[in-house]
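Engineer: Handing over start03.txt, compact mmCIF, C-alpha atoms.
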```
# COMPACT_ATOMS: atom_id res chain seq x y z
CA MET A 244 0.00 0.00 0.00
CA ALA A 245 1.20 3.51 -0.52
CA ALA A 246 3.37 4.53 2.39
CA GLY A 247 1.89 7.11 4.69
CA VAL A 248 -1.68 5.86 4.26
CA GLY A 249 -3.01 4.00 7.27
CA PRO A 250 -5.47 1.09 7.14
CA GLY A 251 -9.00 2.16 6.36
CA GLU A 252 -7.88 5.50 5.04
CA GLN A 253 -8.43 6.55 1.51
CA PRO A 254 -5.32 7.42 -0.45
CA PRO A 255 -4.98 11.16 -0.85
CA PRO A 256 -7.14 12.39 -3.68
CA LEU A 257 -5.39 12.97 -6.94
CA PRO A 258 -4.89 16.71 -7.33
CA PRO A 259 -6.73 18.01 -10.36
CA PRO A 260 -4.23 18.04 -13.19
CA ALA A 261 -2.78 21.50 -12.65
CA LEU A 262 -1.65 21.59 -16.19
CA LYS A 263 -4.56 22.90 -18.15
CA SER A 264 -2.81 26.23 -18.56
CA ARG A 265 0.69 24.83 -19.09
CA CYS A 266 -0.50 22.29 -21.58
CA ALA A 267 -2.24 24.91 -23.62
CA GLN A 268 0.14 23.94 -26.36
CA GLY A 269 -1.87 20.89 -27.26
CA SER A 270 -2.20 19.97 -30.86
CA ARG A 271 -5.17 22.25 -31.31
CA GLY A 272 -3.63 25.59 -30.48
CA ALA A 273 -4.39 27.47 -27.28
CA GLN A 274 -7.09 25.13 -26.06
CA PRO A 275 -6.81 23.32 -22.75
CA LEU A 276 -5.62 19.75 -22.90
CA ASP A 277 -8.51 17.41 -22.32
CA SER A 278 -7.17 14.15 -23.55
CA TRP A 279 -10.02 11.93 -22.53
CA LYS A 280 -12.58 13.84 -24.51
CA GLU A 281 -10.17 14.87 -27.25
CA GLU A 282 -11.52 14.77 -30.77
CA ARG A 283 -9.58 13.46 -33.70
CA THR A 284 -7.94 16.17 -35.74
CA ARG A 285 -7.37 13.97 -38.75
CA SER A 286 -9.02 11.07 -40.53
CA GLU A 287 -7.97 8.53 -43.13
CA GLU A 288 -9.87 10.56 -45.71
CA ASP A 289 -7.87 13.63 -44.76
CA ASN A 290 -4.71 11.65 -45.29
CA GLU A 291 -5.71 10.67 -48.81
CA LEU A 292 -6.84 14.20 -49.55
CA HIS A 293 -3.58 15.76 -48.45
CA LEU A 294 -1.16 13.24 -49.91
CA PRO A 295 -0.72 15.02 -53.28
CA SER A 296 0.05 18.37 -51.68
CA LEU A 297 2.47 16.75 -49.27
CA ALA A 298 4.19 14.96 -52.15
CA ALA A 299 4.42 18.22 -54.10
CA ALA A 300 5.98 19.90 -51.06
CA TYR A 301 8.59 17.15 -50.87
CA THR A 302 9.37 17.51 -54.56
CA THR A 303 10.01 21.22 -53.94
CA ILE A 304 12.25 20.32 -51.03
CA LEU A 305 14.30 17.91 -53.14
CA ARG A 306 14.83 20.56 -55.82
CA ALA A 307 15.63 23.27 -53.31
CA LEU A 308 18.30 21.06 -51.74
CA GLY A 309 20.02 20.75 -55.09
CA GLU A 310 18.93 17.23 -55.93
CA ASP A 311 17.37 15.93 -59.12
CA PRO A 312 13.87 14.56 -58.36
CA GLU A 313 13.87 12.77 -61.73
CA ARG A 314 16.72 10.43 -60.97
CA GLN A 315 15.83 6.83 -60.35
CA GLY A 316 16.42 6.76 -56.60
CA LEU A 317 14.29 9.85 -56.00
CA LEU A 318 11.42 9.28 -58.43
CA LYS A 319 8.93 8.03 -55.86
CA THR A 320 10.56 9.65 -52.85
CA PRO A 321 8.00 12.50 -52.49
CA TRP A 322 5.22 9.92 -52.11
CA ARG A 323 7.20 7.69 -49.81
CA ALA A 324 8.32 10.62 -47.66
CA ALA A 325 4.77 11.99 -47.48
CA THR A 326 3.35 8.62 -46.46
CA ALA A 327 6.15 8.17 -43.93
CA MET A 328 5.40 11.58 -42.44
CA GLN A 329 1.72 10.74 -42.18
CA PHE A 330 2.68 7.54 -40.37
CA PHE A 331 4.95 9.44 -37.99
CA THR A 332 2.03 11.72 -37.10
CA LYS A 333 -0.73 9.13 -37.03
CA GLY A 334 -1.33 9.97 -33.39
CA TYR A 335 -3.50 12.82 -34.58
CA GLN A 336 -5.98 10.31 -35.97
CA GLU A 337 -6.41 8.37 -32.78
CA THR A 338 -8.05 9.07 -29.45
CA ILE A 339 -7.65 7.52 -26.04
CA THR A 340 -11.27 6.36 -26.08
CA ASP A 341 -10.64 4.21 -29.16
CA VAL A 342 -7.79 2.44 -27.52
CA LEU A 343 -8.95 2.05 -23.95
CA ASN A 344 -12.69 1.49 -23.85
CA ASP A 345 -12.68 -2.19 -23.09
CA ALA A 346 -9.51 -2.84 -21.20
CA ILE A 347 -10.19 -1.32 -17.78
CA PHE A 348 -10.78 -3.99 -15.17
CA ASP A 349 -11.84 -3.97 -11.54
CA GLU A 350 -9.06 -5.56 -9.59
CA ASP A 351 -8.35 -5.41 -5.91
CA HIS A 352 -4.71 -4.56 -6.40
CA ASP A 353 -3.09 -1.71 -4.60
CA GLU A 354 0.59 -2.17 -5.32
CA MET A 355 2.56 -0.37 -7.95
CA VAL A 356 2.24 -1.55 -11.53
CA ILE A 357 5.15 -0.66 -13.80
CA VAL A 358 5.62 -1.11 -17.53
CA LYS A 359 9.12 -0.02 -18.49
CA ASP A 360 11.41 0.20 -21.53
CA ILE A 361 8.60 1.05 -23.91
CA ASP A 362 10.36 2.17 -27.10
CA THR A 363 9.11 5.50 -28.29
CA PHE A 364 9.67 7.32 -31.56
CA SER A 365 8.50 10.86 -31.98
CA LEU A 366 9.21 13.94 -34.07
CA CYS A 367 10.64 17.10 -32.59
CA GLU A 368 8.15 19.84 -33.46
CA HIS A 369 10.92 22.40 -33.80
CA HIS A 370 13.03 20.72 -36.47
CA LEU A 371 10.84 17.86 -37.70
CA VAL A 372 13.67 15.47 -36.88
CA PRO A 373 13.09 12.25 -34.89
CA PHE A 374 13.80 11.75 -31.22
CA VAL A 375 13.84 8.19 -29.94
CA GLY A 376 13.90 6.77 -26.46
CA LYS A 377 12.28 4.71 -23.77
CA VAL A 378 9.23 5.40 -21.65
CA HIS A 379 8.77 4.00 -18.15
CA ILE A 380 5.28 4.15 -16.69
CA GLY A 381 4.18 3.31 -13.18
CA TYR A 382 0.83 3.72 -11.48
CA LEU A 383 -0.76 2.84 -8.18
CA PRO A 384 -4.22 1.46 -8.97
CA ASN A 385 -7.30 2.48 -7.05
CA LYS A 386 -9.45 -0.61 -7.62
CA ARG A 387 -9.10 -0.35 -11.39
CA VAL A 388 -6.27 -1.65 -13.53
CA LEU A 389 -5.54 -1.19 -17.19
CA GLY A 390 -4.58 -3.77 -19.80
CA LEU A 391 -0.78 -3.57 -19.92
CA SER A 392 -0.46 -3.10 -23.64
CA LYS A 393 -2.84 -0.15 -23.36
CA LEU A 394 -0.13 1.76 -21.58
CA ALA A 395 2.10 1.23 -24.59
CA ARG A 396 -0.74 2.23 -26.88
CA ILE A 397 -1.21 5.47 -24.98
CA VAL A 398 2.49 6.12 -25.53
CA GLU A 399 2.04 5.46 -29.24
CA ILE A 400 -0.91 7.81 -29.61
CA TYR A 401 0.93 10.73 -28.08
CA SER A 402 4.38 10.08 -29.44
CA ARG A 403 3.28 9.74 -33.07
CA ARG A 404 2.82 13.52 -33.27
CA LEU A 405 4.91 16.65 -33.53
CA GLN A 406 6.02 16.78 -29.95
CA VAL A 407 8.11 18.35 -27.26
CA GLN A 408 9.41 15.74 -24.82
CA GLU A 409 8.08 17.59 -21.77
CA ARG A 410 4.58 17.74 -23.20
CA LEU A 411 4.67 14.09 -24.30
CA THR A 412 5.52 13.00 -20.76
CA LYS A 413 2.71 15.02 -19.28
CA GLN A 414 0.11 13.94 -21.82
CA ILE A 415 0.80 10.27 -21.12
CA ALA A 416 0.51 10.81 -17.38
CA VAL A 417 -2.70 12.80 -17.68
CA ALA A 418 -4.28 10.26 -20.01
CA ILE A 419 -3.67 7.44 -17.53
CA THR A 420 -4.97 9.60 -14.70
CA GLU A 421 -8.16 10.42 -16.50
CA ALA A 422 -8.73 6.84 -17.65
CA LEU A 423 -8.21 5.11 -14.33
CA GLN A 424 -8.35 7.67 -11.54
CA PRO A 425 -5.44 5.85 -9.86
CA ALA A 426 -3.85 6.83 -6.59
CA GLY A 427 -0.82 8.07 -8.50
CA VAL A 428 1.01 7.96 -11.81
CA GLY A 429 4.69 8.33 -12.70
CA VAL A 430 6.04 8.64 -16.23
CA VAL A 431 9.74 8.93 -17.08
CA ILE A 432 11.06 9.36 -20.61
CA GLU A 433 14.70 9.09 -21.57
CA ALA A 434 15.35 10.01 -25.18
CA THR A 435 18.03 10.91 -27.69
CA HIS A 436 17.21 13.90 -29.85
CA MET A 437 18.53 13.62 -33.39
CA CYS A 438 18.28 17.40 -33.68
CA MET A 439 21.09 17.57 -31.09
CA VAL A 440 23.04 14.60 -32.37
CA MET A 441 22.90 15.01 -36.15
CA ARG A 442 23.04 18.80 -36.30
CA GLY A 443 23.44 21.87 -34.12
CA VAL A 444 25.60 21.15 -31.11
CA GLN A 445 26.25 17.53 -32.29
CA LYS A 446 26.62 15.81 -28.96
CA MET A 447 26.51 12.12 -29.78
CA ASN A 448 25.81 10.61 -26.40
CA SER A 449 23.50 13.16 -24.84
CA LYS A 450 20.17 12.00 -23.46
CA THR A 451 17.21 14.05 -22.28
CA VAL A 452 15.23 12.79 -19.29
CA THR A 453 11.82 14.17 -18.37
CA SER A 454 9.35 12.96 -15.78
CA THR A 455 5.84 13.62 -14.55
CA MET A 456 4.69 12.49 -11.11
CA LEU A 457 1.05 12.81 -10.11
CA GLY A 458 -0.86 11.85 -6.99
CA VAL A 459 1.01 9.80 -4.39
CA PHE A 460 4.01 9.64 -6.67
CA ARG A 461 4.33 13.37 -6.20
CA GLU A 462 3.27 13.60 -2.53
CA ASP A 463 5.08 10.62 -1.15
CA PRO A 464 8.86 10.40 -1.59
CA LYS A 465 8.97 6.70 -0.67
CA THR A 466 6.59 5.72 -3.43
CA ARG A 467 8.50 7.82 -5.91
CA GLU A 468 11.75 6.25 -4.77
CA GLU A 469 10.33 2.77 -5.20
CA PHE A 470 9.24 3.63 -8.72
CA LEU A 471 12.57 5.16 -9.70
CA THR A 472 14.50 2.23 -8.27
CA LEU A 473 12.37 -0.33 -10.06
CA ILE A 474 12.74 1.34 -13.44
CA ARG A 475 16.46 1.65 -13.02
CA SER A 476 17.34 -2.00 -12.62
CA MET B 121 16.35 25.56 -61.44
CA GLY B 122 19.11 24.93 -63.94
CA GLN B 123 21.57 22.10 -63.93
CA LEU B 124 22.22 20.70 -60.53
CA HIS B 125 25.46 18.96 -61.19
CA ILE B 126 28.25 20.72 -62.99
CA CYS B 127 30.54 17.82 -63.65
CA LEU B 128 33.18 17.93 -66.36
CA GLY B 129 31.73 14.68 -67.59
CA GLY B 130 28.47 16.52 -68.23
CA HIS B 131 26.25 13.71 -67.01
CA PRO B 132 23.87 13.62 -64.03
CA CYS B 133 25.36 12.94 -60.62
CA THR B 134 25.30 9.18 -60.24
CA LEU B 135 27.85 6.57 -59.30
CA ARG B 136 29.27 6.81 -62.80
CA CYS B 137 30.28 10.34 -62.01
CA VAL B 138 32.26 9.22 -59.00
CA LEU B 139 34.22 6.89 -61.25
CA SER B 140 35.40 9.68 -63.50
CA PRO B 141 39.06 10.65 -63.12
CA SER B 142 38.05 14.28 -63.10
CA MET B 143 36.82 14.00 -59.53
CA TYR B 144 39.44 16.34 -58.14
CA ARG B 145 38.41 18.96 -60.56
CA THR B 146 34.66 18.46 -60.18
CA MET B 147 33.13 21.81 -59.59
CA LYS B 148 30.95 22.35 -56.54
CA LEU B 149 27.53 20.86 -56.94
CA TRP B 150 25.83 23.71 -55.22
CA THR B 151 27.40 26.94 -54.08
CA THR B 152 26.80 28.40 -50.66
CA ALA B 153 25.31 31.53 -52.18
CA ARG B 154 22.34 29.61 -53.46
CA GLU B 155 21.56 28.12 -50.06
CA GLY B 156 20.07 31.38 -48.81
CA ASP B 157 18.05 31.72 -52.03
CA MET B 158 16.48 28.36 -51.50
CA LEU B 159 15.34 29.02 -47.95
CA PRO B 160 11.95 30.65 -48.76
CA ALA B 161 10.94 27.78 -51.05
CA LEU B 162 11.92 25.26 -48.40
CA GLU B 163 10.03 27.16 -45.71
CA ASP B 164 6.88 27.28 -47.81
CA ALA B 165 7.15 23.59 -48.48
CA TYR B 166 7.43 22.85 -44.77
CA THR B 167 4.47 25.09 -43.95
CA THR B 168 2.45 23.11 -46.51
CA ILE B 169 3.59 19.89 -44.87
CA LEU B 170 2.54 21.05 -41.41
CA LYS B 171 -0.91 21.98 -42.70
CA GLY B 172 -1.22 18.75 -44.66
CA LEU B 173 -0.49 16.76 -41.51
CA GLY B 174 -3.38 18.41 -39.69
CA GLU B 175 -1.28 20.65 -37.49
CA ASN B 176 -1.73 24.36 -36.88
CA PRO B 177 1.40 26.18 -38.14
CA ALA B 178 0.36 29.30 -36.23
CA ARG B 179 0.66 27.81 -32.78
CA GLN B 180 3.58 28.92 -30.69
CA GLY B 181 5.66 25.74 -30.91
CA LEU B 182 5.38 25.60 -34.71
CA LEU B 183 5.71 29.28 -35.64
CA LEU B 184 9.38 29.10 -36.60
CA THR B 185 9.43 25.41 -37.40
CA PRO B 186 9.42 25.83 -41.22
CA LYS B 187 12.56 27.94 -40.99
CA ARG B 188 14.26 25.62 -38.51
CA ALA B 189 13.32 22.50 -40.45
CA ALA B 190 14.53 24.09 -43.71
CA LYS B 191 17.88 25.01 -42.19
CA ALA B 192 18.17 21.59 -40.58
CA MET B 193 17.54 19.91 -43.91
CA GLN B 194 20.14 22.10 -45.59
CA PHE B 195 22.64 21.17 -42.90
CA LEU B 196 21.85 17.49 -43.26
CA THR B 197 22.54 17.72 -47.01
CA LYS B 198 25.54 20.05 -46.88
CA GLY B 199 27.70 17.36 -48.48
CA TYR B 200 26.45 18.54 -51.86
CA GLN B 201 28.40 21.76 -51.41
CA GLU B 202 31.72 20.19 -50.59
CA THR B 203 34.28 18.47 -52.77
CA ILE B 204 37.09 16.09 -51.99
CA GLY B 205 39.55 18.54 -53.50
CA ASP B 206 38.70 21.15 -50.86
CA ILE B 207 39.47 18.96 -47.91
CA LEU B 208 42.30 16.79 -49.09
CA ASN B 209 44.59 19.08 -51.01
CA ASP B 210 47.17 19.62 -48.30
CA ALA B 211 47.02 16.56 -46.13
CA VAL B 212 48.56 13.84 -48.30
CA PHE B 213 52.07 12.98 -47.14
CA ASP B 214 54.87 10.83 -48.44
CA GLU B 215 55.56 8.18 -45.84
CA ASP B 216 57.35 4.91 -46.17
CA HIS B 217 54.64 2.88 -44.50
CA ASP B 218 53.23 -0.24 -45.99
CA GLU B 219 51.06 -1.68 -43.21
CA LEU B 220 47.33 -1.38 -42.80
CA VAL B 221 46.07 1.96 -41.51
CA ILE B 222 42.62 1.77 -39.96
CA VAL B 223 40.32 4.47 -38.64
CA LYS B 224 37.26 2.86 -37.11
CA ASP B 225 34.05 3.79 -35.28
CA ILE B 226 33.56 6.99 -37.24
CA ASP B 227 30.01 8.12 -36.38
CA MET B 228 28.00 8.69 -39.48
CA PHE B 229 24.60 10.34 -39.97
CA SER B 230 22.85 10.33 -43.29
CA LEU B 231 19.40 10.60 -44.84
CA CYS B 232 17.73 7.74 -46.64
CA GLU B 233 16.92 9.03 -50.13
CA HIS B 234 13.78 6.93 -50.32
CA HIS B 235 11.97 8.22 -47.25
CA LEU B 236 14.01 11.27 -46.22
CA VAL B 237 14.41 9.71 -42.77
CA PRO B 238 17.79 9.46 -40.98
CA PHE B 239 20.01 6.43 -40.90
CA PHE B 240 23.09 6.44 -38.73
CA GLY B 241 25.87 4.18 -37.68
CA LYS B 242 29.59 3.65 -37.73
CA VAL B 243 32.06 3.63 -40.57
CA HIS B 244 35.32 1.65 -40.44
CA ILE B 245 37.97 2.53 -43.00
CA GLY B 246 41.23 0.74 -43.70
CA TYR B 247 43.81 1.22 -46.40
CA LEU B 248 47.20 -0.16 -47.31
CA PRO B 249 49.34 2.85 -48.27
CA ARG B 250 51.68 2.85 -51.22
CA LYS B 251 54.18 5.49 -50.15
CA ARG B 252 51.46 8.07 -49.50
CA VAL B 253 49.37 8.48 -46.37
CA VAL B 254 46.52 10.87 -45.65
CA GLY B 255 45.84 12.91 -42.53
CA LEU B 256 43.62 10.73 -40.34
CA SER B 257 40.86 13.24 -39.82
CA LYS B 258 40.57 13.54 -43.58
CA LEU B 259 39.14 10.05 -43.68
CA ALA B 260 36.39 11.21 -41.33
CA ARG B 261 35.88 14.33 -43.45
CA ILE B 262 35.44 12.19 -46.54
CA VAL B 263 32.77 10.27 -44.63
CA GLU B 264 31.08 13.57 -43.76
CA ILE B 265 31.03 14.85 -47.33
CA TYR B 266 29.32 11.77 -48.68
CA SER B 267 27.06 11.03 -45.76
CA ARG B 268 25.56 14.53 -45.53
CA ARG B 269 23.50 13.83 -48.65
CA LEU B 270 20.42 11.88 -49.67
CA GLN B 271 21.98 8.47 -49.73
CA VAL B 272 21.67 4.76 -50.12
CA GLN B 273 24.02 2.90 -47.79
CA GLU B 274 25.54 0.82 -50.57
CA ARG B 275 26.41 3.90 -52.62
CA LEU B 276 27.79 5.73 -49.60
CA THR B 277 30.18 2.88 -48.87
CA LYS B 278 31.41 2.77 -52.45
CA GLN B 279 31.81 6.53 -52.76
CA ILE B 280 34.00 6.68 -49.66
CA ALA B 281 36.19 3.84 -50.92
CA LEU B 282 36.57 5.36 -54.37
CA ALA B 283 37.38 8.79 -52.99
CA ILE B 284 40.25 7.36 -50.95
CA THR B 285 41.44 5.35 -53.92
CA GLU B 286 41.56 8.34 -56.19
CA ALA B 287 43.18 10.58 -53.58
CA LEU B 288 45.98 8.25 -52.52
CA LYS B 289 46.28 5.47 -55.08
CA PRO B 290 46.89 3.02 -52.23
CA ALA B 291 47.51 -0.70 -52.60
CA GLY B 292 44.01 -1.36 -51.28
CA VAL B 293 41.06 0.21 -49.49
CA ALA B 294 38.27 -1.25 -47.38
CA VAL B 295 35.20 0.48 -46.04
CA VAL B 296 32.61 -1.17 -43.79
CA ILE B 297 29.46 0.62 -42.64
CA GLU B 298 27.09 -0.70 -40.00
CA ALA B 299 23.97 1.42 -39.64
CA SER B 300 20.50 1.52 -38.23
CA HIS B 301 17.81 2.77 -40.61
CA MET B 302 15.02 4.76 -38.98
CA CYS B 303 12.83 4.00 -41.98
CA MET B 304 12.89 0.35 -40.83
CA VAL B 305 12.78 1.10 -37.11
CA MET B 306 10.24 3.90 -36.83
CA ARG B 307 7.90 2.79 -39.59
CA GLY B 308 7.29 0.00 -42.07
CA VAL B 309 8.44 -3.31 -40.71
CA GLN B 310 9.45 -1.72 -37.35
CA LYS B 311 12.34 -3.91 -36.39
CA MET B 312 14.05 -2.12 -33.53
CA ASN B 313 17.38 -3.86 -33.40
CA SER B 314 18.08 -4.49 -37.06
CA ARG B 315 21.37 -3.29 -38.50
CA THR B 316 22.48 -3.06 -42.11
CA VAL B 317 26.10 -3.82 -42.91
CA THR B 318 27.69 -2.95 -46.25
CA SER B 319 31.28 -3.15 -47.34
CA THR B 320 33.52 -2.24 -50.25
CA MET B 321 36.91 -3.88 -50.72
CA LEU B 322 39.30 -2.60 -53.38
CA GLY B 323 42.82 -3.58 -54.43
CA VAL B 324 44.70 -6.04 -52.26
CA LEU B 325 41.94 -5.96 -49.71
CA ARG B 326 39.78 -7.57 -52.35
CA GLU B 327 42.40 -9.84 -53.93
CA ASP B 328 44.11 -11.13 -50.83
CA PRO B 329 41.96 -12.93 -48.26
CA LYS B 330 44.61 -12.67 -45.55
CA THR B 331 44.78 -8.90 -45.74
CA ARG B 332 41.02 -8.68 -45.72
CA GLU B 333 40.87 -10.99 -42.73
CA GLU B 334 43.37 -8.83 -40.86
CA PHE B 335 41.27 -5.74 -41.54
CA LEU B 336 38.03 -7.39 -40.46
CA ALA B 337 39.64 -8.77 -37.30
CA LEU B 338 41.05 -5.37 -36.36
CA ILE B 339 37.74 -3.57 -36.72
CA LYS B 340 35.84 -6.18 -34.76
CA ASN B 341 36.69 -5.67 -31.05
```
Would you mind giving the structure from this file in structure tokens?
Structural biologist:
Amino acid sequence: MAAGVGPGEQPPPLPPPALKSRCAQGSRGAQPLDSWKEERTRSEEDNELHLPSLAAAYTTILRALGEDPERQGLLKTPWRAATAMQFFTKGYQETITDVLNDAIFDEDHDEMVIVKDIDTFSLCEHHLVPFVGKVHIGYLPNKRVLGLSKLARIVEIYSRRLQVQERLTKQIAVAITEALQPAGVGVVIEATHMCMVMRGVQKMNSKTVTSTMLGVFREDPKTREEFLTLIRS
Amino acid sequence: MGQLHICLGGHPCTLRCVLSPSMYRTMKLWTTAREGDMLPALEDAYTTILKGLGENPARQGLLLTPKRAAKAMQFLTKGYQETIGDILNDAVFDEDHDELVIVKDIDMFSLCEHHLVPFFGKVHIGYLPRKRVVGLSKLARIVEIYSRRLQVQERLTKQIALAITEALKPAGVAVVIEASHMCMVMRGVQKMNSRTVTSTMLGVLREDPKTREEFLALIKN
């Protein structure tokens, strides 16, 4: 049980996500982040509709870089690159509701549940260059647990977007909070940013670590310590 | 846009061009002056891409993204502006050394020309000098010139080997590249741990199995 909570006591209530103002930079401009009720911003039809203009943009890019879009290796590149980019941002087409609806179960479990080393691939929204890393998620259930792969699916939904690592971490934590109302959630992401490795300052081995702790993970240092120790090993 | 490749051979920039003996005298593919000219077109293209993906290019995080992405892309393809002649001219030395010289674990970052997605890895270069050696960092600079382009790993390996051959006329050259392709890891078949290995062996490193074996053993660790 979470340390600091005596028998018969309720775990401290989860503070309301105090991030509505900070997370104003959601994918839909200056609107508050409300991941549970979020609407899709893109559909498969949109993808098909936009593919030609995306491909044309990539053809322009190839020419502007000094390449010859007619040569054999580059002939279909605009289409491939456009489709690849749509795949890298497919998170805009998905919502949490789609992924989670069925897999929440009532379970009398009140110990920490951790899913770690979830590979994540996202695109830096500043340079449109990938950043890749691992996500570690832990939560303390409050009578409801989530199918384990759903945690990884939540990571996928939010990482397949133009992202900032801080926001990605928070969105994952908030989504789990809103889905399960657990006693606490902790999310840690450790990633390598190609925009720092391949260009700019060019530091090969640098890693960026961000974390979000909500509920007892934030209030109680022992719980947080347990989580951080378990993801480290 | 005019002709992209001003090669004395007069043909489009393909592997055949790399084989031409005029490589030292190949004029720059793209001068630095034109880079600034191209920026507006690149920025517009990236703004179109952001809109086409369903994003809002006017939100704070994306406001300057077209410019940043355009500059990043120009940096990642800066190899088109550089020639071997620029970087090698001074650093070839006469040295009576006839044993293998190896520079290994050279970090390499390139862009897959099929998907415009990065691939990165390590390059290992070895050559058997014939009275002439090259400054060691120049091997890494040759890697940089050819990798900062839209590439295919096989061609990249060959171009590096041929560049060293033409610069030094050594007894043999070997180049091995081991890379991870984000187009296979982040999308498509999504195999996280896959690596692609390509190699080019020229001269005695191709003819003589013992020499090749020595090279491969030394880069293994």
Engineer: So, counting only C-alpha atoms, which residue among A:His436, A:Arg396, A:Lys333, A:His369 is closest to chain B?
Structural biologist: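 Residue with the minimum atom-to-atom distance to chain B: A:His369.
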Engineer: Please tabulate, as a Markdown table, the residues of chain B that come within 6 Å of chain A, each with its closest pair of atoms and the distance in Å to one decimal, counting only C-alpha atoms and ordering rows by chain, then residue number upward.
Structural biologist:
```
| residue | atom | partner | partner_atom | distance |
| --- | --- | --- | --- | --- |
| B:Leu124 | CA | A:Gly309 | CA | 5.9 |
| B:Met158 | CA | A:Ala307 | CA | 5.5 |
| B:Leu162 | CA | A:Ile304 | CA | 5.6 |
| B:Ala165 | CA | A:Ala300 | CA | 4.7 |
| B:Ile169 | CA | A:Leu297 | CA | 5.5 |
| B:Gly172 | CA | A:His293 | CA | 5.4 |
| B:Arg179 | CA | A:Gly272 | CA | 5.3 |
| B:Thr185 | CA | A:His369 | CA | 4.9 |
| B:Arg188 | CA | A:His370 | CA | 5.4 |
| B:Ala189 | CA | A:His370 | CA | 4.4 |
| B:His234 | CA | A:Thr320 | CA | 4.9 |
| B:His235 | CA | A:Ala324 | CA | 4.4 |
| B:Leu236 | CA | A:Ala324 | CA | 5.9 |
```
Engineer: Find the distance between CA of Ile262 in chain B and CA of Asp227 in chain B and write it in Å to one decimal.
Structural biologist: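 Pair CA of Ile262 in chain B / CA of Asp227 in chain B returns 12.2 Å.
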Engineer: Using only C-alpha atoms, pick whichever of B:Arg269, B:Arg154, B:His217, B:His244 has the shortest atom-to-atom distance to Lys340 in chain B.
Structural biologist: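 Closest to Lys340 in chain B, using only C-alpha atoms: B:His244.
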Engineer: Would you work out the distance separating CA of Glu354 in chain A from CA of Gln414 in chain A, expressed in Å to one decimal?
Structural biologist: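 Going from CA of Glu354 in chain A over to CA of Gln414 in chain A, I get 23.1 Å.
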Engineer: In Å, with one decimal, what is the gap from CA of Lys224 in chain B to CA of Glu264 in chain B?
Structural biologist: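 One can read the CA of Lys224 in chain B to CA of Glu264 in chain B distance as 14.0 Å.
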Engineer: My list of candidates is B:Leu196, B:Ile245, B:Ile297, B:Asp328. Which is closest to Ile284 in chain B when distances are computed with all atoms listed in the file?
Structural biologist: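 When distances to Ile284 in chain B are compared using all atoms listed in the file, the smallest one comes from B:Ile245.
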Engineer: Residues at most 10 Å from Asp218 in chain B, counting only C-alpha atoms, excluding those fewer than 4 positions away in the same chain, as a list of chain:residue names?
Structural biologist: B:Tyr247, B:Leu248, B:Pro249, B:Arg250, B:Lys251, B:Arg252, B:Val253, B:Pro290, B:Ala291
Engineer: When you count only C-alpha atoms, which of these residues is closest to Arg261 in chain B: B:Asn341, B:Thr203, B:Thr167, B:Thr197?
Structural biologist: B:Thr203
Engineer: Which of these residues is nearest to Thr320 in chain B, using only C-alpha atoms: B:Val305, B:Ala260, B:Ala287, B:Val296?
Structural biologist: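 Closest residue, counting only C-alpha atoms: B:Val296.
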Engineer: Residues within 9 Å of Val295 in chain B, please, as a PyMOL selection string. Count all atoms listed in the file; anything in the same chain fewer than 4 positions from it doesn't count.
Structural biologist: chain B and resi 243-247+277-278+280-281+318-322
Engineer: Quick one: residues within 7 Å of range 448-454 of chain A, all atoms listed in the file, excluding same-chain residues fewer than 5 positions away - as a short mmCIF file (atom, residue, chain, number, x, y, z; two decimals) with C-alpha atoms, keeping the file's coordinate frame?
Structural biologist:
```cif
data_model
loop_
_atom_site.label_atom_id
_atom_site.label_comp_id
_atom_site.auth_asym_id
_atom_site.auth_seq_id
_atom_site.Cartn_x
_atom_site.Cartn_y
_atom_site.Cartn_z
CA GLU A 409 8.08 17.59 -21.77
CA THR A 412 5.52 13.00 -20.76
CA VAL A 430 6.04 8.64 -16.23
CA VAL A 431 9.74 8.93 -17.08
CA ILE A 432 11.06 9.36 -20.61
CA GLU A 433 14.70 9.09 -21.57
CA ALA A 434 15.35 10.01 -25.18
CA THR A 435 18.03 10.91 -27.69
#
```
Engineer: Determine, counting only C-alpha atoms, which protein, DNA and RNA residues have an atom within 9 Å of an atom of Phe335 in chain B; residues of the same chain fewer than 2 positions away are not included. Present the result as JSON, numbers by chain.
Structural biologist: {"B": [220, 222, 246, 247, 294, 325, 330, 331, 332, 333, 337, 338, 339, 340]}
Engineer: Looking at only C-alpha atoms, which of B:Ile226, B:Leu170, B:Val272, B:Ile265 is the one that sits closest to Tyr200 in chain B?
Structural biologist: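 The shortest atom-to-atom distance to Tyr200 in chain B comes from B:Ile265.
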Engineer: Box along x, y and z, 3 Å on every side, all listed atoms of range 470-473 of chain A inside: centre and edge lengths in Å to one decimal, as lines of an AutoDock Vina configuration file.
Structural biologist:
```
center_x = 11.9
center_y = 2.4
center_z = -9.2
size_x = 11.3
size_y = 11.5
size_z = 7.8
```
Engineer: Name all residues at most 8 Å from Lys191 in chain B (count all atoms listed in the file; drop same-chain ones fewer than 4 positions away) and give them as a list of chain:residue names.
Structural biologist: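 Within the cut-off, the hits are B:Leu159, B:Lys187, B:Phe195.
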